[in-house]
file upload-v7.txt (compact mmCIF, C-alpha atoms and all ligand atoms)
# COMPACT_ATOMS: atom_id res chain seq x y z
CA MET A 1 196.12 12.49 176.18
CA GLY A 2 192.86 10.91 177.26
CA GLN A 3 191.95 10.42 180.89
CA ASN A 4 194.41 12.61 182.76
CA GLN A 5 193.68 15.66 180.62
CA ARG A 6 192.75 18.51 182.89
CA GLU A 7 190.81 21.70 182.22
CA SER A 8 191.44 23.31 185.58
CA ARG A 9 193.44 22.90 188.77
CA VAL A 10 193.39 24.42 192.23
CA TYR A 11 196.40 26.07 193.84
CA ARG A 12 196.86 27.36 197.36
CA HIS A 13 198.42 30.62 198.41
CA ARG A 14 200.72 29.62 201.28
CA GLU A 15 200.56 33.01 203.01
CA CYS A 16 196.79 32.98 203.53
CA GLY A 17 196.16 29.22 203.07
CA GLU A 18 193.26 29.85 200.69
CA GLU A 19 192.63 28.06 197.40
CA THR A 20 192.07 29.49 193.92
CA LEU A 21 190.81 27.57 190.88
CA VAL A 22 192.72 28.29 187.68
CA ASP A 23 191.31 27.38 184.26
CA GLY A 24 191.22 28.44 180.63
CA MET A 25 194.17 30.44 179.28
CA ASP A 26 195.30 31.27 182.82
CA PHE A 27 195.76 27.56 183.47
CA THR A 28 197.80 27.23 180.28
CA TYR A 29 200.03 30.17 181.33
CA VAL A 30 200.50 28.94 184.90
CA SER A 31 201.26 25.39 183.68
CA HIS A 32 204.00 26.40 181.27
CA ILE A 33 207.10 24.73 182.72
CA PHE A 34 209.48 26.90 180.64
CA TYR A 35 207.78 30.30 180.30
CA HIS A 36 205.68 30.50 183.42
CA PRO A 37 204.47 33.79 184.91
CA LYS A 38 206.45 35.42 187.73
CA GLN A 39 203.24 36.13 189.64
CA THR A 40 199.79 34.64 189.91
CA PHE A 41 196.44 35.55 191.37
CA CYS A 42 195.01 34.68 194.79
CA ALA A 43 191.21 34.97 194.76
CA SER A 44 191.04 35.30 198.54
CA CYS A 45 193.62 38.11 198.82
CA ASP A 46 192.28 39.57 195.52
CA ASP A 47 195.83 40.32 194.40
CA TYR A 48 198.89 38.95 192.59
CA PHE A 49 201.80 37.38 194.45
CA PRO A 50 205.12 35.75 193.44
CA ILE A 51 204.51 32.28 191.97
CA GLN A 52 206.82 30.66 194.57
CA GLU A 53 204.27 31.52 197.28
CA PHE A 54 201.81 29.05 195.73
CA GLU A 55 201.46 25.25 195.85
CA TRP A 56 199.18 22.84 193.99
CA ALA A 57 196.32 22.04 196.34
CA ASP A 58 196.04 18.38 195.23
CA THR A 59 199.73 17.49 195.75
CA GLY A 60 200.99 20.24 198.10
CA GLU A 61 203.99 20.75 195.83
CA CYS A 62 205.33 24.29 195.45
CA ILE A 63 204.55 25.33 191.87
CA THR A 64 208.13 26.47 191.20
CA ASP A 65 209.45 23.04 192.35
CA TRP A 66 206.91 21.49 189.99
CA TYR A 67 208.25 23.56 187.05
CA ALA A 68 211.84 22.65 187.90
CA ARG A 69 211.10 18.94 188.30
CA TYR A 70 209.74 18.68 184.74
CA ALA A 71 211.92 21.30 183.04
CA VAL A 72 215.10 19.48 184.18
CA LYS A 73 214.13 16.52 181.96
CA PHE A 74 214.78 18.68 178.89
CA LYS A 75 218.49 18.86 178.16
CA GLY A 76 220.48 20.08 175.15
CA LEU A 77 218.75 19.52 171.83
CA ASN A 78 215.51 18.34 173.48
CA ARG A 79 215.22 21.66 175.30
CA ILE A 80 215.60 23.55 172.00
CA LEU A 81 213.14 21.34 170.08
CA ALA A 82 210.51 21.60 172.83
CA ASP A 83 210.57 25.40 172.76
CA GLU A 84 207.98 27.64 171.09
CA LEU A 85 210.89 29.63 169.64
CA PHE A 86 211.93 26.53 167.71
CA VAL A 87 208.43 26.30 166.19
CA TYR A 88 208.54 29.99 165.20
CA GLY A 89 211.99 29.40 163.71
CA VAL A 90 210.70 26.55 161.55
CA ILE A 91 207.75 28.68 160.42
CA ILE A 92 210.06 31.55 159.44
CA LEU A 93 212.36 29.13 157.63
CA GLY A 94 209.32 27.75 155.76
CA ILE A 95 208.22 31.27 154.82
CA LEU A 96 211.66 32.19 153.49
CA VAL A 97 212.24 28.94 151.61
CA GLY A 98 208.65 28.77 150.28
CA GLY A 99 208.67 32.43 149.28
CA GLY A 100 212.04 32.07 147.55
CA ILE A 101 211.15 28.94 145.61
CA GLY A 102 207.66 30.29 144.79
CA PHE A 103 209.14 33.51 143.43
CA PHE A 104 211.80 31.67 141.43
CA VAL A 105 209.26 29.28 139.85
CA GLY A 106 206.51 31.87 139.30
CA ASN A 107 208.96 34.36 137.82
CA ALA A 108 209.11 32.21 134.68
CA TRP A 109 205.66 33.74 133.91
CA GLY A 110 206.81 37.30 134.61
CA ILE A 111 207.00 39.49 137.70
CA TRP A 112 203.34 38.99 138.67
CA GLY A 113 203.82 35.26 138.39
CA GLY A 114 206.83 35.65 140.64
CA ILE A 115 204.85 37.62 143.24
CA GLY A 116 201.93 35.19 143.07
CA GLY A 117 204.31 32.25 143.39
CA MET A 118 206.02 33.90 146.34
CA ILE A 119 202.72 34.44 148.19
CA ALA A 120 201.60 30.86 147.49
CA GLY A 121 204.99 29.53 148.61
CA VAL A 122 204.94 31.60 151.83
CA ILE A 123 201.46 30.34 152.76
CA VAL A 124 201.94 26.69 151.81
CA VAL A 125 205.49 26.11 153.04
CA GLY A 126 204.98 28.39 156.07
CA PHE A 127 202.01 26.25 157.07
CA VAL A 128 204.00 23.07 156.49
CA GLY A 129 206.71 24.57 158.74
CA PHE A 130 204.11 25.21 161.44
CA VAL A 131 202.79 21.63 161.27
CA VAL A 132 206.27 20.09 161.25
CA GLY A 133 207.51 22.37 164.06
CA VAL A 134 204.56 21.54 166.32
CA MET A 135 204.88 17.82 165.52
CA ILE A 136 208.55 17.79 166.54
CA LYS A 137 207.89 19.86 169.69
CA GLU A 138 205.02 17.61 170.78
CA SER A 139 206.89 14.38 170.04
CA VAL A 140 209.80 15.53 172.24
CA CYS A 141 207.36 16.42 175.06
CA ARG A 142 205.55 13.08 174.73
CA ARG A 143 208.85 11.18 174.81
CA LEU A 144 210.13 12.97 177.94
CA LEU A 145 206.88 13.65 179.82
CA GLY A 146 204.39 11.15 178.39
CA THR A 147 202.19 14.06 177.26
CA GLU A 148 202.44 17.22 175.16
CA ASP A 149 200.03 19.03 177.47
CA PHE A 150 201.79 20.57 180.47
CA ARG A 151 198.41 21.03 182.18
CA SER A 152 198.06 17.26 182.63
CA LEU A 153 201.36 16.90 184.55
CA LEU A 154 200.81 16.10 188.20
ZN ZN B 201 196.11 34.69 199.41

call {"tool": "encode", "arguments": {"input": "upload-v7.txt", "output": "structure tokens"}}
result
Amino acid sequence: MGQNQRESRVYRHRECGEETLVDGMDFTYVSHIFYHPKQTFCASCDDYFPIQEFEWADTGECITDWYARYAVKFKGLNRILADELFVYGVIILGILVGGGIGFFVGNAWGIWGGIGGMIAGVIVVGFVGFVVGVMIKESVCRRLLGTEDFRSLL
């Protein structure tokens, strides 16, 4: 979402007081307010430590408090819709429905038509399920957080 999109962030290991820059996929993992890692890396100590021993260097907030502060906004149905598992569920539903309909329709041209129809249905409706699932997940995140990118949350 535009200006406050972040590619990296610095956290501080409270035990040693040293800072570590996190970016790329590591930043995505560490920023996941629902499925965050139990441990993260301190460049100074050259080792992994429990995530609650770290704070964001720019705000001084303990990273686990930061997770909790945003995760608590997601209640009931919103929590389900904002979950990756929901997206996978919609994809699987799309695969089953698309495969079933594709087989049923294609089968009018014989068994190979049925198999071809099933494969086409799985791909097309499975992909539609993916798009729809991600759209719903991101719209819930935007409504509750103002962004669908957890990395941009301060
Ligand atoms: Zn350290």

call {"tool": "residues_near_ligand", "arguments": {"input": "upload-v7.txt", "ligand": "ligand ZN 201 (chain B)", "cutoff": "12 Å", "atoms": "all atoms listed in the file", "output": "JSON, numbers by chain"}}
result
{"A": [11, 12, 13, 14, 15, 16, 17, 18, 19, 20, 40, 41, 42, 43, 44, 45, 46, 47, 48, 49, 50, 51, 53, 54, 55]}

call {"tool": "closest_residue", "arguments": {"input": "upload-v7.txt", "among": "A:Phe150, A:Ile33, A:Arg6, A:Val122", "to": "A:Ile91", "atoms": "all atoms listed in the file"}}
result
A:Val122

call {"tool": "closest_residue", "arguments": {"input": "upload-v7.txt", "among": "A:Trp56, A:Gln5, A:Cys62, A:Ile101", "to": "A:Val125", "atoms": "only C-alpha atoms"}}
result
A:Ile101

call {"tool": "closest_residue", "arguments": {"input": "upload-v7.txt", "among": "A:Leu154, A:Ala68, A:Phe130, A:Glu138", "to": "A:Tyr35", "atoms": "only C-alpha atoms"}}
result
A:Ala68

call {"tool": "closest_residue", "arguments": {"input": "upload-v7.txt", "among": "A:Ile92, A:Val128, A:Leu81, A:Ile63", "to": "A:Cys141", "atoms": "only C-alpha atoms"}}
result
A:Leu81

call {"tool": "decode", "arguments": {"input": "upload-v7.txt", "residues": "stretch 70-103 of chain A", "atoms": "N, CA, C and O atoms", "output": "PDB file, in the first residue's frame"}}
result
ATOM      1  N   TYR A  70      -2.006  -6.536  16.976  1.00  0.00           N
ATOM      2  CA  TYR A  70      -2.716  -6.594  15.689  1.00  0.00           C
ATOM      3  C   TYR A  70      -3.605  -7.835  15.584  1.00  0.00           C
ATOM      4  O   TYR A  70      -4.707  -7.766  15.044  1.00  0.00           O
ATOM      5  N   ALA A  71      -3.146  -8.955  16.101  1.00  0.00           N
ATOM      6  CA  ALA A  71      -3.923 -10.198  15.969  1.00  0.00           C
ATOM      7  C   ALA A  71      -5.261 -10.081  16.698  1.00  0.00           C
ATOM      8  O   ALA A  71      -6.261 -10.662  16.264  1.00  0.00           O
ATOM      9  N   VAL A  72      -5.299  -9.309  17.794  1.00  0.00           N
ATOM     10  CA  VAL A  72      -6.526  -9.192  18.599  1.00  0.00           C
ATOM     11  C   VAL A  72      -7.647  -8.500  17.826  1.00  0.00           C
ATOM     12  O   VAL A  72      -8.824  -8.638  18.168  1.00  0.00           O
ATOM     13  N   LYS A  73      -7.305  -7.773  16.765  1.00  0.00           N
ATOM     14  CA  LYS A  73      -8.321  -7.107  15.946  1.00  0.00           C
ATOM     15  C   LYS A  73      -9.153  -8.112  15.147  1.00  0.00           C
ATOM     16  O   LYS A  73     -10.224  -7.778  14.654  1.00  0.00           O
ATOM     17  N   PHE A  74      -8.625  -9.315  14.978  1.00  0.00           N
ATOM     18  CA  PHE A  74      -9.310 -10.323  14.162  1.00  0.00           C
ATOM     19  C   PHE A  74     -10.104 -11.251  15.074  1.00  0.00           C
ATOM     20  O   PHE A  74      -9.532 -12.052  15.801  1.00  0.00           O
ATOM     21  N   LYS A  75     -11.430 -11.102  15.014  1.00  0.00           N
ATOM     22  CA  LYS A  75     -12.283 -11.925  15.869  1.00  0.00           C
ATOM     23  C   LYS A  75     -13.258 -12.720  15.004  1.00  0.00           C
ATOM     24  O   LYS A  75     -13.679 -12.268  13.942  1.00  0.00           O
ATOM     25  N   GLY A  76     -13.625 -13.904  15.488  1.00  0.00           N
ATOM     26  CA  GLY A  76     -14.662 -14.711  14.847  1.00  0.00           C
ATOM     27  C   GLY A  76     -14.407 -14.963  13.379  1.00  0.00           C
ATOM     28  O   GLY A  76     -13.327 -15.432  12.997  1.00  0.00           O
ATOM     29  N   LEU A  77     -15.390 -14.609  12.556  1.00  0.00           N
ATOM     30  CA  LEU A  77     -15.325 -14.890  11.126  1.00  0.00           C
ATOM     31  C   LEU A  77     -14.138 -14.181  10.471  1.00  0.00           C
ATOM     32  O   LEU A  77     -13.486 -14.746   9.586  1.00  0.00           O
ATOM     33  N   ASN A  78     -13.825 -12.964  10.914  1.00  0.00           N
ATOM     34  CA  ASN A  78     -12.699 -12.232  10.324  1.00  0.00           C
ATOM     35  C   ASN A  78     -11.387 -12.995  10.491  1.00  0.00           C
ATOM     36  O   ASN A  78     -10.535 -12.992   9.600  1.00  0.00           O
ATOM     37  N   ARG A  79     -11.242 -13.629  11.664  1.00  0.00           N
ATOM     38  CA  ARG A  79     -10.017 -14.387  11.933  1.00  0.00           C
ATOM     39  C   ARG A  79      -9.914 -15.577  10.972  1.00  0.00           C
ATOM     40  O   ARG A  79      -8.832 -15.914  10.496  1.00  0.00           O
ATOM     41  N   ILE A  80     -11.038 -16.209  10.686  1.00  0.00           N
ATOM     42  CA  ILE A  80     -11.056 -17.367   9.774  1.00  0.00           C
ATOM     43  C   ILE A  80     -10.751 -16.907   8.348  1.00  0.00           C
ATOM     44  O   ILE A  80      -9.913 -17.496   7.654  1.00  0.00           O
ATOM     45  N   LEU A  81     -11.410 -15.821   7.916  1.00  0.00           N
ATOM     46  CA  LEU A  81     -11.263 -15.352   6.531  1.00  0.00           C
ATOM     47  C   LEU A  81      -9.862 -14.804   6.261  1.00  0.00           C
ATOM     48  O   LEU A  81      -9.411 -14.796   5.120  1.00  0.00           O
ATOM     49  N   ALA A  82      -9.174 -14.340   7.303  1.00  0.00           N
ATOM     50  CA  ALA A  82      -7.850 -13.746   7.119  1.00  0.00           C
ATOM     51  C   ALA A  82      -6.746 -14.792   7.181  1.00  0.00           C
ATOM     52  O   ALA A  82      -5.565 -14.461   7.121  1.00  0.00           O
ATOM     53  N   ASP A  83      -7.129 -16.056   7.299  1.00  0.00           N
ATOM     54  CA  ASP A  83      -6.147 -17.115   7.503  1.00  0.00           C
ATOM     55  C   ASP A  83      -5.760 -17.776   6.184  1.00  0.00           C
ATOM     56  O   ASP A  83      -6.613 -17.975   5.317  1.00  0.00           O
ATOM     57  N   GLU A  84      -4.492 -18.134   6.034  1.00  0.00           N
ATOM     58  CA  GLU A  84      -4.034 -18.873   4.854  1.00  0.00           C
ATOM     59  C   GLU A  84      -4.827 -20.179   4.676  1.00  0.00           C
ATOM     60  O   GLU A  84      -5.081 -20.603   3.559  1.00  0.00           O
ATOM     61  N   LEU A  85      -5.204 -20.804   5.786  1.00  0.00           N
ATOM     62  CA  LEU A  85      -5.947 -22.069   5.705  1.00  0.00           C
ATOM     63  C   LEU A  85      -7.286 -21.871   4.996  1.00  0.00           C
ATOM     64  O   LEU A  85      -7.758 -22.760   4.294  1.00  0.00           O
ATOM     65  N   PHE A  86      -7.879 -20.692   5.187  1.00  0.00           N
ATOM     66  CA  PHE A  86      -9.124 -20.380   4.486  1.00  0.00           C
ATOM     67  C   PHE A  86      -8.877 -20.340   2.973  1.00  0.00           C
ATOM     68  O   PHE A  86      -9.654 -20.895   2.195  1.00  0.00           O
ATOM     69  N   VAL A  87      -7.773 -19.707   2.559  1.00  0.00           N
ATOM     70  CA  VAL A  87      -7.441 -19.632   1.133  1.00  0.00           C
ATOM     71  C   VAL A  87      -7.238 -21.033   0.571  1.00  0.00           C
ATOM     72  O   VAL A  87      -7.775 -21.375  -0.489  1.00  0.00           O
ATOM     73  N   TYR A  88      -6.482 -21.873   1.294  1.00  0.00           N
ATOM     74  CA  TYR A  88      -6.282 -23.254   0.830  1.00  0.00           C
ATOM     75  C   TYR A  88      -7.615 -23.985   0.731  1.00  0.00           C
ATOM     76  O   TYR A  88      -7.838 -24.764  -0.201  1.00  0.00           O
ATOM     77  N   GLY A  89      -8.497 -23.743   1.697  1.00  0.00           N
ATOM     78  CA  GLY A  89      -9.817 -24.373   1.690  1.00  0.00           C
ATOM     79  C   GLY A  89     -10.603 -23.996   0.447  1.00  0.00           C
ATOM     80  O   GLY A  89     -11.224 -24.860  -0.179  1.00  0.00           O
ATOM     81  N   VAL A  90     -10.557 -22.720   0.090  1.00  0.00           N
ATOM     82  CA  VAL A  90     -11.296 -22.253  -1.094  1.00  0.00           C
ATOM     83  C   VAL A  90     -10.693 -22.865  -2.358  1.00  0.00           C
ATOM     84  O   VAL A  90     -11.421 -23.252  -3.278  1.00  0.00           O
ATOM     85  N   ILE A  91      -9.367 -22.986  -2.400  1.00  0.00           N
ATOM     86  CA  ILE A  91      -8.709 -23.607  -3.556  1.00  0.00           C
ATOM     87  C   ILE A  91      -9.147 -25.065  -3.687  1.00  0.00           C
ATOM     88  O   ILE A  91      -9.519 -25.529  -4.775  1.00  0.00           O
ATOM     89  N   ILE A  92      -9.134 -25.794  -2.573  1.00  0.00           N
ATOM     90  CA  ILE A  92      -9.527 -27.208  -2.604  1.00  0.00           C
ATOM     91  C   ILE A  92     -10.987 -27.349  -3.027  1.00  0.00           C
ATOM     92  O   ILE A  92     -11.333 -28.198  -3.856  1.00  0.00           O
ATOM     93  N   LEU A  93     -11.831 -26.465  -2.495  1.00  0.00           N
ATOM     94  CA  LEU A  93     -13.241 -26.474  -2.891  1.00  0.00           C
ATOM     95  C   LEU A  93     -13.364 -26.239  -4.404  1.00  0.00           C
ATOM     96  O   LEU A  93     -14.114 -26.940  -5.096  1.00  0.00           O
ATOM     97  N   GLY A  94     -12.599 -25.267  -4.924  1.00  0.00           N
ATOM     98  CA  GLY A  94     -12.611 -24.980  -6.360  1.00  0.00           C
ATOM     99  C   GLY A  94     -12.173 -26.184  -7.180  1.00  0.00           C
ATOM    100  O   GLY A  94     -12.759 -26.488  -8.223  1.00  0.00           O
ATOM    101  N   ILE A  95     -11.143 -26.882  -6.693  1.00  0.00           N
ATOM    102  CA  ILE A  95     -10.631 -28.067  -7.392  1.00  0.00           C
ATOM    103  C   ILE A  95     -11.696 -29.161  -7.445  1.00  0.00           C
ATOM    104  O   ILE A  95     -11.948 -29.773  -8.492  1.00  0.00           O
ATOM    105  N   LEU A  96     -12.354 -29.378  -6.301  1.00  0.00           N
ATOM    106  CA  LEU A  96     -13.366 -30.439  -6.238  1.00  0.00           C
ATOM    107  C   LEU A  96     -14.578 -30.094  -7.098  1.00  0.00           C
ATOM    108  O   LEU A  96     -15.040 -30.930  -7.896  1.00  0.00           O
ATOM    109  N   VAL A  97     -15.062 -28.871  -6.955  1.00  0.00           N
ATOM    110  CA  VAL A  97     -16.250 -28.462  -7.717  1.00  0.00           C
ATOM    111  C   VAL A  97     -15.922 -28.420  -9.217  1.00  0.00           C
ATOM    112  O   VAL A  97     -16.659 -28.964 -10.046  1.00  0.00           O
ATOM    113  N   GLY A  98     -14.781 -27.781  -9.556  1.00  0.00           N
ATOM    114  CA  GLY A  98     -14.380 -27.669 -10.960  1.00  0.00           C
ATOM    115  C   GLY A  98     -14.133 -29.031 -11.587  1.00  0.00           C
ATOM    116  O   GLY A  98     -14.554 -29.298 -12.719  1.00  0.00           O
ATOM    117  N   GLY A  99     -13.457 -29.891 -10.842  1.00  0.00           N
ATOM    118  CA  GLY A  99     -13.175 -31.245 -11.339  1.00  0.00           C
ATOM    119  C   GLY A  99     -14.463 -32.025 -11.549  1.00  0.00           C
ATOM    120  O   GLY A  99     -14.624 -32.719 -12.556  1.00  0.00           O
ATOM    121  N   GLY A 100     -15.380 -31.906 -10.605  1.00  0.00           N
ATOM    122  CA  GLY A 100     -16.655 -32.628 -10.686  1.00  0.00           C
ATOM    123  C   GLY A 100     -17.482 -32.171 -11.873  1.00  0.00           C
ATOM    124  O   GLY A 100     -17.935 -32.993 -12.684  1.00  0.00           O
ATOM    125  N   ILE A 101     -17.644 -30.862 -11.987  1.00  0.00           N
ATOM    126  CA  ILE A 101     -18.453 -30.315 -13.096  1.00  0.00           C
ATOM    127  C   ILE A 101     -17.780 -30.621 -14.433  1.00  0.00           C
ATOM    128  O   ILE A 101     -18.438 -31.051 -15.391  1.00  0.00           O
ATOM    129  N   GLY A 102     -16.442 -30.433 -14.478  1.00  0.00           N
ATOM    130  CA  GLY A 102     -15.693 -30.691 -15.718  1.00  0.00           C
ATOM    131  C   GLY A 102     -15.837 -32.137 -16.163  1.00  0.00           C
ATOM    132  O   GLY A 102     -16.050 -32.413 -17.352  1.00  0.00           O
ATOM    133  N   PHE A 103     -15.779 -33.050 -15.201  1.00  0.00           N
ATOM    134  CA  PHE A 103     -15.929 -34.474 -15.542  1.00  0.00           C
ATOM    135  C   PHE A 103     -17.337 -34.753 -16.051  1.00  0.00           C
ATOM    136  O   PHE A 103     -17.525 -35.427 -17.069  1.00  0.00           O
TER     137      PHE A 103
END
